[in-house]
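Asks: File name input31.csv; file contents CSV, C-alpha atoms and all ligand atoms; full text below.
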```csv
chain,number,residue,atom,x,y,z
U,257,MET,CA,0.0,0.0,0.0
U,258,SER,CA,2.4,2.5,-1.4
U,259,GLY,CA,3.9,4.4,1.6
U,260,MET,CA,0.6,4.8,3.5
U,261,THR,CA,0.4,3.8,7.1
U,262,PRO,CA,-2.5,1.5,8.0
U,263,ARG,CA,-4.3,4.4,9.7
U,264,GLU,CA,-4.0,6.5,6.5
U,265,SER,CA,-5.1,3.7,4.4
U,266,LEU,CA,-8.2,3.0,6.5
U,267,ALA,CA,-9.0,6.8,6.5
U,268,THR,CA,-8.5,7.3,2.8
U,269,GLN,CA,-9.3,3.9,1.1
U,270,GLY,CA,-11.7,2.5,3.7
U,271,PHE,CA,-9.6,-0.6,4.4
U,272,ALA,CA,-6.1,-1.5,5.6
U,273,GLY,CA,-3.9,-4.6,5.4
U,274,PRO,CA,-3.5,-7.5,4.9
U,275,PHE,CA,-1.7,-7.7,8.2
U,276,PRO,CA,0.6,-10.7,8.9
U,277,ARG,CA,-0.5,-13.8,10.6
U,278,PHE,CA,0.2,-13.8,14.3
U,279,ALA,CA,-1.4,-17.1,15.4
U,280,SER,CA,0.4,-20.4,14.7
U,281,PRO,CA,-0.6,-22.3,11.6
U,282,GLU,CA,-1.8,-25.1,14.0
U,283,VAL,CA,-4.2,-22.7,15.7
U,284,ILE,CA,-5.6,-21.4,12.4
U,285,ALA,CA,-6.0,-25.0,11.1
U,286,GLU,CA,-7.8,-25.8,14.3
U,287,LEU,CA,-10.3,-23.0,13.8
U,288,ALA,CA,-10.7,-24.0,10.1
U,289,ALA,CA,-11.5,-27.5,11.2
U,290,PHE,CA,-13.8,-26.4,13.9
U,291,PHE,CA,-15.9,-24.3,11.4
U,292,ALA,CA,-15.8,-27.0,8.7
U,293,ASP,CA,-17.2,-29.4,11.2
U,294,LEU,CA,-19.8,-26.8,12.3
U,295,LEU,CA,-21.0,-26.4,8.7
U,296,GLU,CA,-21.2,-30.1,8.3
U,297,ARG,CA,-23.1,-30.9,11.5
U,298,GLN,CA,-24.9,-27.6,12.0
U,299,PRO,CA,-25.2,-27.9,15.8
U,300,GLU,CA,-27.2,-25.5,17.9
U,301,GLN,CA,-25.3,-22.4,19.0
U,302,PRO,CA,-25.9,-22.6,22.7
U,303,LEU,CA,-26.4,-18.8,23.1
U,304,TYR,CA,-29.1,-18.7,20.6
U,305,GLY,CA,-30.8,-22.1,20.9
U,306,ARG,CA,-30.6,-22.7,17.2
U,307,TYR,CA,-28.0,-23.2,14.5
U,308,SER,CA,-26.0,-20.1,13.7
U,309,VAL,CA,-22.6,-19.2,12.4
U,310,ARG,CA,-22.5,-16.1,14.7
U,311,ASP,CA,-20.6,-15.4,17.9
U,312,TRP,CA,-18.8,-18.7,18.4
U,313,HIS,CA,-16.1,-16.7,20.1
U,314,LEU,CA,-18.4,-16.7,23.2
U,315,VAL,CA,-18.3,-20.5,23.2
U,316,ASN,CA,-15.0,-21.5,21.7
U,317,GLU,CA,-12.0,-20.4,23.8
U,318,THR,CA,-9.4,-20.7,20.9
U,319,LEU,CA,-11.5,-18.4,18.7
U,320,ARG,CA,-11.9,-15.9,21.5
U,321,GLN,CA,-8.2,-15.9,22.2
U,322,VAL,CA,-7.4,-15.2,18.5
U,323,MET,CA,-10.0,-12.5,18.1
U,324,THR,CA,-8.8,-10.7,21.3
U,325,ALA,CA,-5.0,-11.5,20.9
U,326,PRO,CA,-2.7,-8.6,21.9
U,327,GLU,CA,-1.1,-8.5,18.4
U,328,LEU,CA,-4.5,-8.1,16.8
U,329,VAL,CA,-5.8,-5.6,19.3
U,330,SER,CA,-2.7,-3.4,19.1
U,331,THR,CA,-3.0,-3.4,15.2
U,332,LEU,CA,-6.7,-2.5,15.6
U,333,ALA,CA,-6.1,0.3,18.1
U,334,GLU,CA,-3.3,1.7,16.0
U,335,THR,CA,-5.2,1.5,12.7
U,336,THR,CA,-8.5,2.9,14.0
U,337,GLY,CA,-7.1,5.3,16.6
U,338,ALA,CA,-9.9,4.2,19.0
U,339,ASP,CA,-9.2,4.7,22.7
U,340,SER,CA,-11.4,1.9,23.7
U,341,LEU,CA,-12.9,-1.1,21.8
U,342,VAL,CA,-15.2,-4.0,22.4
U,343,LEU,CA,-15.6,-7.1,20.3
U,344,TRP,CA,-19.4,-7.5,19.9
U,345,ARG,CA,-19.8,-9.9,17.0
U,346,THR,CA,-18.0,-12.6,15.1
U,347,LYS,CA,-19.4,-14.4,12.1
U,348,LEU,CA,-18.2,-17.2,9.9
U,349,PHE,CA,-18.2,-16.5,6.2
U,350,GLU,CA,-17.9,-19.6,4.1
U,351,LYS,CA,-17.7,-19.8,0.3
U,352,PHE,CA,-18.2,-23.2,-1.3
U,353,PRO,CA,-17.1,-24.0,-4.9
U,354,GLY,CA,-19.7,-22.5,-7.2
U,355,ASP,CA,-21.2,-20.1,-4.7
U,356,GLY,CA,-22.1,-16.7,-6.1
U,357,ALA,CA,-20.8,-13.3,-4.9
U,358,ILE,CA,-22.1,-11.5,-1.9
U,359,ASP,CA,-22.8,-8.5,-4.0
U,360,TRP,CA,-21.6,-4.9,-3.5
U,361,HIS,CA,-22.9,-3.4,-0.2
U,362,GLN,CA,-22.0,-0.9,2.5
U,363,GLU,CA,-23.4,-0.7,6.0
U,364,TYR,CA,-23.5,2.6,7.7
U,365,GLY,CA,-22.8,1.1,11.1
U,366,TYR,CA,-26.1,0.3,12.8
U,367,PHE,CA,-26.3,-3.4,11.8
U,368,ASP,CA,-30.1,-3.5,11.8
U,369,GLY,CA,-30.2,-6.6,9.5
U,370,GLU,CA,-31.5,-4.7,6.5
U,371,GLU,CA,-29.7,-7.1,4.2
U,372,VAL,CA,-32.4,-9.7,5.2
U,373,GLY,CA,-35.2,-7.1,5.7
U,374,GLY,CA,-34.6,-6.4,9.4
U,375,HIS,CA,-34.9,-3.0,11.0
U,376,ARG,CA,-33.4,-3.3,14.5
U,377,PRO,CA,-30.2,-1.5,15.2
U,378,ALA,CA,-27.6,-3.6,17.0
U,379,LEU,CA,-25.4,-0.6,17.7
U,380,PHE,CA,-26.3,2.8,19.2
U,381,PRO,CA,-23.2,5.0,19.1
U,382,LEU,CA,-22.9,7.8,21.7
U,383,ASN,CA,-21.2,10.1,19.2
U,384,HIS,CA,-22.7,9.9,15.8
U,385,SER,CA,-20.3,12.3,14.1
U,386,GLY,CA,-17.3,9.9,13.7
U,387,GLN,CA,-16.7,6.3,12.9
U,388,TRP,CA,-17.8,3.9,15.7
U,389,ASP,CA,-17.4,0.4,14.3
U,390,TRP,CA,-14.8,-1.6,12.3
U,391,THR,CA,-14.7,-5.1,10.8
U,392,LEU,CA,-11.7,-7.4,10.9
U,393,TRP,CA,-11.8,-10.2,8.3
U,394,MET,CA,-9.3,-13.0,8.8
U,395,ALA,CA,-8.8,-15.8,6.3
U,396,LEU,CA,-8.8,-19.3,7.8
U,397,THR,CA,-7.8,-20.9,4.5
U,398,ASP,CA,-5.7,-19.4,1.8
U,399,VAL,CA,-7.8,-17.0,-0.4
U,400,SER,CA,-6.9,-16.6,-4.0
U,401,GLU,CA,-8.6,-14.4,-6.7
U,402,ASP,CA,-10.8,-17.4,-7.6
U,403,ASP,CA,-12.5,-18.6,-4.3
U,404,GLY,CA,-14.4,-15.7,-2.8
U,405,VAL,CA,-11.8,-13.0,-2.5
U,406,MET,CA,-12.8,-9.7,-0.8
U,407,GLU,CA,-13.0,-6.6,-3.1
U,408,PHE,CA,-13.3,-2.9,-2.1
U,409,VAL,CA,-14.1,0.3,-3.9
U,410,LYS,CA,-11.3,2.5,-2.8
U,411,GLY,CA,-12.5,5.6,-0.9
U,412,SER,CA,-16.2,4.8,-1.2
U,413,GLN,CA,-16.8,5.1,2.5
U,414,GLN,CA,-17.2,8.9,1.9
U,415,ALA,CA,-20.5,8.4,0.1
U,416,GLN,CA,-23.8,6.7,0.8
U,417,TYR,CA,-24.8,4.8,-2.4
U,418,PRO,CA,-28.5,4.6,-3.3
U,419,LYS,CA,-30.3,1.5,-2.3
U,420,ARG,CA,-33.7,-0.1,-2.9
U,421,MET,CA,-35.8,-3.0,-1.6
U,422,VAL,CA,-36.1,-6.1,-3.7
U,423,ARG,CA,-37.2,-9.7,-3.1
U,424,LEU,CA,-34.8,-11.5,-0.7
U,425,SER,CA,-33.8,-14.0,-3.4
U,426,GLU,CA,-32.6,-11.1,-5.7
U,427,SER,CA,-30.6,-9.5,-2.9
U,428,GLY,CA,-26.8,-9.6,-3.0
U,429,ALA,CA,-26.5,-11.4,0.4
U,430,TYR,CA,-28.8,-14.2,-0.7
U,431,VAL,CA,-27.0,-17.6,-1.0
U,432,ASP,CA,-29.1,-20.0,-3.1
U,433,PRO,CA,-29.6,-23.2,-1.1
U,434,ARG,CA,-29.9,-25.1,-4.4
U,435,ASN,CA,-26.1,-25.1,-4.5
U,436,ARG,CA,-25.8,-26.5,-1.0
U,437,VAL,CA,-28.5,-29.1,-0.5
U,438,ARG,CA,-28.5,-32.4,-2.3
U,439,THR,CA,-31.3,-34.5,-0.7
U,440,LYS,CA,-34.9,-34.0,0.5
U,441,GLU,CA,-33.9,-35.1,4.0
U,442,GLU,CA,-31.2,-32.5,4.1
U,443,LEU,CA,-33.6,-29.8,2.9
U,444,LEU,CA,-36.2,-30.6,5.5
U,445,SER,CA,-33.8,-30.9,8.4
U,446,ARG,CA,-32.1,-27.6,7.5
U,447,ALA,CA,-35.4,-25.8,7.1
U,448,ALA,CA,-36.4,-27.1,10.5
U,449,ASN,CA,-33.2,-25.9,12.2
U,450,ASN,CA,-33.1,-22.6,10.3
U,451,SER,CA,-29.8,-23.3,8.6
U,452,LEU,CA,-31.1,-22.9,5.1
U,453,ILE,CA,-31.1,-19.3,4.1
U,454,LEU,CA,-29.1,-16.6,6.0
U,455,ASP,CA,-31.0,-15.9,9.2
U,456,ILE,CA,-34.4,-16.5,7.8
U,457,ASP,CA,-36.9,-18.4,9.9
U,458,THR,CA,-37.8,-21.4,7.8
U,459,ARG,CA,-39.1,-23.7,10.5
U,460,ARG,CA,-42.7,-23.7,9.3
U,461,VAL,CA,-42.1,-23.9,5.5
U,462,PHE,CA,-42.6,-27.6,5.3
U,463,GLU,CA,-44.9,-28.0,8.2
U,464,GLY,CA,-47.6,-30.5,7.2
U,465,VAL,CA,-46.0,-31.2,3.9
U,466,ASP,CA,-45.8,-34.8,2.9
U,467,ALA,CA,-42.3,-34.8,1.4
U,468,ASP,CA,-42.7,-38.2,-0.2
U,469,LYS,CA,-45.2,-36.7,-2.7
U,470,TYR,CA,-42.7,-34.2,-4.1
U,471,THR,CA,-39.4,-34.1,-5.8
U,472,LEU,CA,-36.5,-32.2,-4.4
U,473,GLU,CA,-37.0,-29.6,-7.1
U,474,GLU,CA,-40.7,-29.2,-6.2
U,475,LEU,CA,-39.8,-28.7,-2.5
U,476,PHE,CA,-37.3,-26.0,-3.5
U,477,ASP,CA,-40.2,-24.3,-5.4
U,478,GLN,CA,-42.3,-24.4,-2.3
U,479,LEU,CA,-39.5,-22.8,-0.4
U,480,GLU,CA,-39.2,-20.1,-3.0
U,481,THR,CA,-43.0,-19.4,-2.8
U,482,HIS,CA,-42.6,-19.0,1.0
U,483,CYS,CA,-39.8,-16.5,0.5
U,484,GLU,CA,-41.5,-14.4,-2.2
U,485,ASP,CA,-42.9,-11.9,0.3
U,486,LEU,CA,-39.6,-11.4,2.1
U,487,LEU,CA,-37.8,-8.2,1.1
U,488,ALA,CA,-34.2,-7.2,1.5
U,489,VAL,CA,-32.1,-4.1,0.6
U,490,VAL,CA,-29.7,-4.0,-2.4
U,491,THR,CA,-27.4,-1.4,-3.7
U,492,GLU,CA,-28.4,0.2,-7.0
U,493,PRO,CA,-26.0,-0.6,-9.8
U,494,PHE,CA,-23.1,1.9,-10.2
U,495,GLU,CA,-20.3,2.7,-12.6
U,496,LEU,CA,-16.7,1.9,-11.7
U,497,GLU,CA,-13.7,3.6,-13.2
U,498,PRO,CA,-10.8,1.3,-14.2
U,499,GLY,CA,-8.6,0.7,-11.1
U,500,ALA,CA,-11.3,1.9,-8.7
U,501,THR,CA,-11.4,-1.4,-6.8
U,502,ARG,CA,-8.9,-3.6,-5.0
U,503,THR,CA,-9.1,-7.3,-4.3
U,504,VAL,CA,-7.3,-8.7,-1.3
U,505,PRO,CA,-6.0,-12.3,-1.7
U,506,MET,CA,-4.6,-13.6,1.6
U,507,LYS,CA,-2.8,-16.5,3.2
U,508,ALA,CA,-4.6,-18.3,6.1
U,509,GLY,CA,-4.2,-16.3,9.3
U,510,GLU,CA,-3.7,-12.9,7.5
U,511,TYR,CA,-6.4,-10.3,8.1
U,512,ILE,CA,-7.7,-6.9,6.9
U,513,ILE,CA,-9.5,-4.2,8.8
U,514,PHE,CA,-12.1,-2.1,7.1
U,515,THR,CA,-15.1,0.1,7.6
U,516,GLU,CA,-18.4,-1.4,6.4
U,517,ARG,CA,-19.2,2.1,5.0
U,518,CYS,CA,-16.6,1.2,2.3
U,519,MET,CA,-18.4,-0.5,-0.6
U,520,HIS,CA,-17.3,-4.1,-0.6
U,521,ARG,CA,-18.2,-7.6,-1.8
U,522,SER,CA,-16.9,-11.1,-1.8
U,523,ARG,CA,-16.5,-12.4,-5.4
U,524,ALA,CA,-18.0,-15.6,-6.6
U,525,SER,CA,-16.1,-18.8,-6.2
U,526,LEU,CA,-15.2,-20.9,-9.3
U,527,PRO,CA,-16.9,-24.3,-9.4
U,528,THR,CA,-13.3,-25.8,-9.4
U,529,ALA,CA,-12.2,-23.7,-6.4
U,530,LYS,CA,-11.6,-25.1,-2.9
U,531,PRO,CA,-13.9,-24.2,0.0
U,532,ARG,CA,-12.9,-20.8,1.5
U,533,LEU,CA,-13.4,-20.0,5.2
U,534,ALA,CA,-13.0,-16.7,6.9
U,535,ILE,CA,-14.0,-15.3,10.3
U,536,ASN,CA,-14.9,-11.7,10.8
U,537,GLY,CA,-14.8,-9.8,14.0
U,538,ARG,CA,-16.8,-6.7,14.6
U,539,TYR,CA,-15.4,-4.2,17.0
U,540,THR,CA,-17.0,-1.0,18.2
U,541,LEU,CA,-16.1,1.9,20.4
U,542,GLY,CA,-16.2,1.0,24.1
U,543,ASP,CA,-19.0,3.6,24.8
U,544,THR,CA,-21.3,2.3,22.1
U,545,TRP,CA,-24.6,0.9,23.4
U,546,VAL,CA,-24.8,-2.6,22.0
U,547,TYR,CA,-28.2,-4.2,21.4
U,548,PRO,CA,-30.3,-1.4,22.9
U,549,GLN,CA,-33.4,-3.6,22.6
U,550,ARG,CA,-31.9,-5.9,25.3
U,551,THR,CA,-33.6,-3.8,27.9
U,552,THR,CA,-37.1,-4.4,26.3
U,553,ARG,CA,-39.0,-7.6,26.4
U,554,ASP,CA,-38.4,-8.2,22.7
U,555,THR,CA,-34.8,-9.5,22.6
U,556,VAL,CA,-34.8,-10.7,19.0
U,557,ASP,CA,-32.4,-8.9,16.7
U,558,GLY,CA,-32.6,-7.8,13.1
U,559,SER,CA,-31.3,-11.2,12.0
U,560,ASN,CA,-33.9,-13.2,14.0
U,561,LEU,CA,-31.6,-14.3,16.8
U,562,ASP,CA,-32.6,-13.9,20.5
U,563,ILE,CA,-29.6,-11.9,21.9
U,564,SER,CA,-30.6,-12.1,25.6
U,565,LYS,CA,-27.5,-14.2,26.3
U,566,HIS,CA,-25.2,-12.2,24.1
U,567,ARG,CA,-22.1,-10.6,25.7
U,568,CYS,CA,-19.6,-8.0,24.6
U,569,VAL,CA,-15.9,-8.7,25.1
U,570,PRO,CA,-13.8,-5.6,26.1
U,571,VAL,CA,-10.5,-5.7,24.3
U,572,HIS,CA,-8.9,-2.3,24.6
U,573,GLY,CA,-9.2,0.8,26.9
U,574,THR,CA,-11.5,1.4,29.9
U,575,ARG,CA,-14.2,3.7,28.6
U,576,LEU,CA,-17.1,1.1,28.6
U,577,ASN,CA,-20.8,1.7,28.2
U,578,PRO,CA,-22.3,0.7,31.6
U,579,ASP,CA,-25.5,-0.5,30.0
U,580,ASN,CA,-23.9,-3.3,28.0
U,581,ALA,CA,-23.6,-6.9,29.2
U,582,TYR,CA,-19.9,-8.0,29.3
U,583,LEU,CA,-18.3,-11.4,29.3
Q,1,FE,FE,-20.2,-6.7,4.6
```
Could you render the structure from this file as structure tokens?
Replies:
Amino acid sequence: MSGMTPRESLATQGFAGPFPRFASPEVIAELAAFFADLLERQPEQPLYGRYSVRDWHLVNETLRQVMTAPELVSTLAETTGADSLVLWRTKLFEKFPGDGAIDWHQEYGYFDGEEVGGHRPALFPLNHSGQWDWTLWMALTDVSEDDGVMEFVKGSQQAQYPKRMVRLSESGAYVDPRNRVRTKEELLSRAANNSLILDIDTRRVFEGVDADKYTLEELFDQLETHCEDLLAVVTEPFELEPGATRTVPMKAGEYIIFTERCMHRSRASLPTAKPRLAINGRYTLGDTWVYPQRTTRDTVDGSNLDISKHRCVPVHGTRLNPDNAYL
């Protein structure tokens, strides 16, 4: 990154890195194996009472150690300039061979779940004028240009791009389950445990349906009908000048830091590519109020998860919002 410090790069381009791996190859491989197994078995995430790829750092000690490691935290503090930080969310991002792109999007910083039609802010910053949240994206497998590499529009964090509502299945975050599910049994069990489409509640889709009477294709059609009314937000198409974007291939264990206000996407994966795994950590200023709706009786967030057992993990500084729940 031609002479720029990470802090300058984050401020001007919207992203910084890749930063070198600090965890041992064994630890990164352990995490990759943990998540590969999770995707395979789809166990209940104990905090949420259902399958989810979110917040396993509150369950898995190794993951928590990596996402709060001194090397990582000092890079984060140095790059963002934040005087205090909490880790409030982690999420696995997997890309299987043949998976499409997660299309261009930016997120202003409230994380209300609008990509799946939600409207519940997860973060309530005390100071709205500056930046209050950052994402750290760490590769758990090597990431080349062909298997779901991250791509950024340089400097795009300065502008809010026009968006519109579309059907969920047309949204950029939608991952078509037809590329993931091979049998009727798998379709029914994944619908029942909500592991089929993003964070959409699919438990009742096949209720009372006699699966023996239908082919897998017909069952997929029923699912599609169920999802027809669900809306999600997408970014309007926009023009790109040559050289306006940058892709960030990485080795396992390397990571980048970016603001979600910077327009970004993960590219499609070639059918011949290998599975790609990445973990992202979301960090916010220590004084941010996390999950304001926790204090109400309705503790379900914008992605349909009950966050009453969620905890923030302080990683840097001492200025912490007293209304948050901490680990
Ligand atoms: Fe994103």
Asks: Kindly provide, as number ranges by chain, all nucleotide and amino acid residues lying within 12 Å of ligand FE 1 (chain Q), counting only C-alpha atoms and all ligand atoms.
Replies: U: 347-349, 357-365, 367, 369-371, 390-393, 406-408, 428-429, 513-522, 536-538
Asks: Contacts of Ser425 in chain U at 12 Å or less, counting all atoms listed in the file, minus same-chain residues fewer than 3 places along, as a tab-separated table (two decimals) with C-alpha atoms, in the coordinates of the input?
Replies:
```tsv
chain	number	residue	atom	x	y	z
U	371	GLU	CA	-29.70	-7.10	4.20
U	372	VAL	CA	-32.40	-9.70	5.20
U	373	GLY	CA	-35.20	-7.10	5.70
U	421	MET	CA	-35.80	-3.00	-1.60
U	422	VAL	CA	-36.10	-6.10	-3.70
U	428	GLY	CA	-26.80	-9.60	-3.00
U	429	ALA	CA	-26.50	-11.40	0.40
U	430	TYR	CA	-28.80	-14.20	-0.70
U	431	VAL	CA	-27.00	-17.60	-1.00
U	432	ASP	CA	-29.10	-20.00	-3.10
U	433	PRO	CA	-29.60	-23.20	-1.10
U	434	ARG	CA	-29.90	-25.10	-4.40
U	453	ILE	CA	-31.10	-19.30	4.10
U	454	LEU	CA	-29.10	-16.60	6.00
U	456	ILE	CA	-34.40	-16.50	7.80
U	479	LEU	CA	-39.50	-22.80	-0.40
U	480	GLU	CA	-39.20	-20.10	-3.00
U	481	THR	CA	-43.00	-19.40	-2.80
U	482	HIS	CA	-42.60	-19.00	1.00
U	483	CYS	CA	-39.80	-16.50	0.50
U	484	GLU	CA	-41.50	-14.40	-2.20
U	485	ASP	CA	-42.90	-11.90	0.30
U	486	LEU	CA	-39.60	-11.40	2.10
U	487	LEU	CA	-37.80	-8.20	1.10
U	488	ALA	CA	-34.20	-7.20	1.50
U	489	VAL	CA	-32.10	-4.10	0.60
U	490	VAL	CA	-29.70	-4.00	-2.40
```
Asks: What does the structure give for the distance between CA of Ala534 in chain U and CA of Thr397 in chain U, in Å to one decimal?
Replies: 7.1 Å
Asks: Which one is closest to Thr318 in chain U: U:Leu287, U:Gly259, U:Pro377, U:Leu303? Count all atoms listed in the file.
Replies: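 Looking at the shortest contact to Thr318 in chain U, the residue is U:Leu287.
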Asks: Measuring atom to atom with only C-alpha atoms, identify which of U:Thr471, U:Gln387, U:Ser525, U:Thr268 is nearest to Gly337 in chain U.
Replies: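 Among U:Thr471, U:Gln387, U:Ser525, U:Thr268, it is U:Gln387 that comes nearest to Gly337 in chain U.
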Asks: Determine the nearest neighbour of Glu463 in chain U from the options U:Gln321, U:Asn580, U:Ser451, U:Ser445, counting all atoms listed in the file.
Replies: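 Residue with the minimum atom-to-atom distance to Glu463 in chain U: U:Ser445.
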Asks: Please compute the CA of Val409 in chain U-CA of Trp388 in chain U distance, one decimal, in Å.
Replies: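 Atom-to-atom, CA of Val409 in chain U to CA of Trp388 in chain U, that is 20.3 Å.
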Asks: Expressed in Å to a single decimal, how great is the separation between CA of Val315 in chain U and CA of Gly273 in chain U?
Replies: 27.9 Å
Asks: Just checking: using only C-alpha atoms, which residue out of U:Phe476, U:Ser308, U:Gly499, U:Arg575 ends up closest to Thr439 in chain U?
Replies: U:Phe476
Asks: Go through U:Arg376, U:Ala448, U:Ala529, U:Leu396 one by one, measure the shortest atom-to-atom distance of each to Glu282 in chain U using all atoms listed in the file, and give the residue with the smallest value.
Replies: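 That would be U:Leu396, the residue with the smallest distance to Glu282 in chain U.
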Asks: Determine, counting only C-alpha atoms, which protein, DNA and RNA residues have an atom within 12 Å of an atom of Leu294 in chain U; residues of the same chain fewer than 5 positions away are not included. Present the result as a PyMOL selection string.
Replies: chain U and resi 287-289+299-301+307-310+312+316+348+350+451+533
Asks: My list of candidates is U:Leu424, U:Leu332, U:Val322, U:Met260. Which is closest to Ile284 in chain U when distances are computed with all atoms listed in the file?
Replies: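 That would be U:Val322, the residue with the smallest distance to Ile284 in chain U.
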Asks: Can you pull out the residues contacting Glu497 in chain U? Cut-off 12 Å, using only C-alpha atoms, and skip same-chain residues under 3 positions away; I want them as a PyMOL selection string.
Replies: chain U and resi 409-410+494+500-502
Asks: I want to know what sits within 9 Å of range 540-550 of chain U, based on all atoms listed in the file, with residues of the same chain fewer than 3 positions away left out; could you give that as a short mmCIF file (atom, residue, chain, number, x, y, z; two decimals) with C-alpha atoms, keeping the file's coordinate frame?
Replies:
```cif
data_model
loop_
_atom_site.label_atom_id
_atom_site.label_comp_id
_atom_site.auth_asym_id
_atom_site.auth_seq_id
_atom_site.Cartn_x
_atom_site.Cartn_y
_atom_site.Cartn_z
CA ALA U 338 -9.90 4.20 19.00
CA ASP U 339 -9.20 4.70 22.70
CA SER U 340 -11.40 1.90 23.70
CA LEU U 341 -12.90 -1.10 21.80
CA VAL U 342 -15.20 -4.00 22.40
CA LEU U 343 -15.60 -7.10 20.30
CA TRP U 344 -19.40 -7.50 19.90
CA ARG U 376 -33.40 -3.30 14.50
CA PRO U 377 -30.20 -1.50 15.20
CA ALA U 378 -27.60 -3.60 17.00
CA LEU U 379 -25.40 -0.60 17.70
CA PHE U 380 -26.30 2.80 19.20
CA PRO U 381 -23.20 5.00 19.10
CA LEU U 382 -22.90 7.80 21.70
CA ASN U 383 -21.20 10.10 19.20
CA GLN U 387 -16.70 6.30 12.90
CA TRP U 388 -17.80 3.90 15.70
CA ASP U 389 -17.40 0.40 14.30
CA TRP U 390 -14.80 -1.60 12.30
CA THR U 391 -14.70 -5.10 10.80
CA ARG U 553 -39.00 -7.60 26.40
CA ASP U 554 -38.40 -8.20 22.70
CA THR U 555 -34.80 -9.50 22.60
CA VAL U 556 -34.80 -10.70 19.00
CA ASP U 557 -32.40 -8.90 16.70
CA ILE U 563 -29.60 -11.90 21.90
CA SER U 564 -30.60 -12.10 25.60
CA HIS U 566 -25.20 -12.20 24.10
CA CYS U 568 -19.60 -8.00 24.60
CA PRO U 570 -13.80 -5.60 26.10
CA VAL U 571 -10.50 -5.70 24.30
CA HIS U 572 -8.90 -2.30 24.60
CA GLY U 573 -9.20 0.80 26.90
CA THR U 574 -11.50 1.40 29.90
CA ARG U 575 -14.20 3.70 28.60
CA LEU U 576 -17.10 1.10 28.60
CA ASN U 577 -20.80 1.70 28.20
CA PRO U 578 -22.30 0.70 31.60
CA ASP U 579 -25.50 -0.50 30.00
CA ASN U 580 -23.90 -3.30 28.00
CA ALA U 581 -23.60 -6.90 29.20
#
```
Asks: Near Asp402 in chain U, counting all atoms listed in the file, which residues have an atom at most 12 Å away, once you skip same-chain residues fewer than 5 positions from it, shown as a VMD selection string?
Replies: chain U and resid 351 to 357 407 503 to 506 522 to 532
Asks: As a PDB file, in the frame of the given file, could you write out range 448-461 of chain U once it has been completed with N, CA and C atoms?
Replies:
```pdb
ATOM      1  N   ALA U 448     -35.921 -27.006   9.101  1.00  0.00           N
ATOM      2  CA  ALA U 448     -36.400 -27.100  10.500  1.00  0.00           C
ATOM      3  C   ALA U 448     -35.469 -26.473  11.477  1.00  0.00           C
ATOM      4  N   ASN U 449     -34.159 -26.516  11.217  1.00  0.00           N
ATOM      5  CA  ASN U 449     -33.200 -25.900  12.200  1.00  0.00           C
ATOM      6  C   ASN U 449     -32.722 -24.539  11.748  1.00  0.00           C
ATOM      7  N   ASN U 450     -33.388 -23.942  10.758  1.00  0.00           N
ATOM      8  CA  ASN U 450     -33.100 -22.600  10.300  1.00  0.00           C
ATOM      9  C   ASN U 450     -31.664 -22.400   9.797  1.00  0.00           C
ATOM     10  N   SER U 451     -31.161 -23.404   9.125  1.00  0.00           N
ATOM     11  CA  SER U 451     -29.800 -23.300   8.600  1.00  0.00           C
ATOM     12  C   SER U 451     -29.805 -23.200   7.084  1.00  0.00           C
ATOM     13  N   LEU U 452     -30.945 -22.862   6.518  1.00  0.00           N
ATOM     14  CA  LEU U 452     -31.100 -22.900   5.100  1.00  0.00           C
ATOM     15  C   LEU U 452     -30.708 -21.644   4.372  1.00  0.00           C
ATOM     16  N   ILE U 453     -31.317 -20.536   4.802  1.00  0.00           N
ATOM     17  CA  ILE U 453     -31.100 -19.300   4.100  1.00  0.00           C
ATOM     18  C   ILE U 453     -30.775 -18.183   5.129  1.00  0.00           C
ATOM     19  N   LEU U 454     -29.541 -17.721   5.081  1.00  0.00           N
ATOM     20  CA  LEU U 454     -29.100 -16.600   6.000  1.00  0.00           C
ATOM     21  C   LEU U 454     -29.696 -16.821   7.354  1.00  0.00           C
ATOM     22  N   ASP U 455     -30.357 -15.810   7.858  1.00  0.00           N
ATOM     23  CA  ASP U 455     -31.000 -15.900   9.200  1.00  0.00           C
ATOM     24  C   ASP U 455     -32.471 -15.935   9.093  1.00  0.00           C
ATOM     25  N   ILE U 456     -32.988 -16.446   8.009  1.00  0.00           N
ATOM     26  CA  ILE U 456     -34.400 -16.500   7.800  1.00  0.00           C
ATOM     27  C   ILE U 456     -35.063 -17.646   8.552  1.00  0.00           C
ATOM     28  N   ASP U 457     -36.181 -17.351   9.203  1.00  0.00           N
ATOM     29  CA  ASP U 457     -36.900 -18.400   9.900  1.00  0.00           C
ATOM     30  C   ASP U 457     -37.647 -19.295   8.944  1.00  0.00           C
ATOM     31  N   THR U 458     -37.184 -20.510   8.766  1.00  0.00           N
ATOM     32  CA  THR U 458     -37.800 -21.400   7.800  1.00  0.00           C
ATOM     33  C   THR U 458     -38.437 -22.635   8.470  1.00  0.00           C
ATOM     34  N   ARG U 459     -38.633 -22.543   9.802  1.00  0.00           N
ATOM     35  CA  ARG U 459     -39.100 -23.700  10.500  1.00  0.00           C
ATOM     36  C   ARG U 459     -40.449 -24.229  10.110  1.00  0.00           C
ATOM     37  N   ARG U 460     -41.304 -23.320   9.621  1.00  0.00           N
ATOM     38  CA  ARG U 460     -42.700 -23.700   9.300  1.00  0.00           C
ATOM     39  C   ARG U 460     -42.910 -23.976   7.826  1.00  0.00           C
ATOM     40  N   VAL U 461     -41.884 -23.765   6.997  1.00  0.00           N
ATOM     41  CA  VAL U 461     -42.100 -23.900   5.500  1.00  0.00           C
ATOM     42  C   VAL U 461     -42.654 -25.205   5.119  1.00  0.00           C
TER      43      VAL U 461
END
```
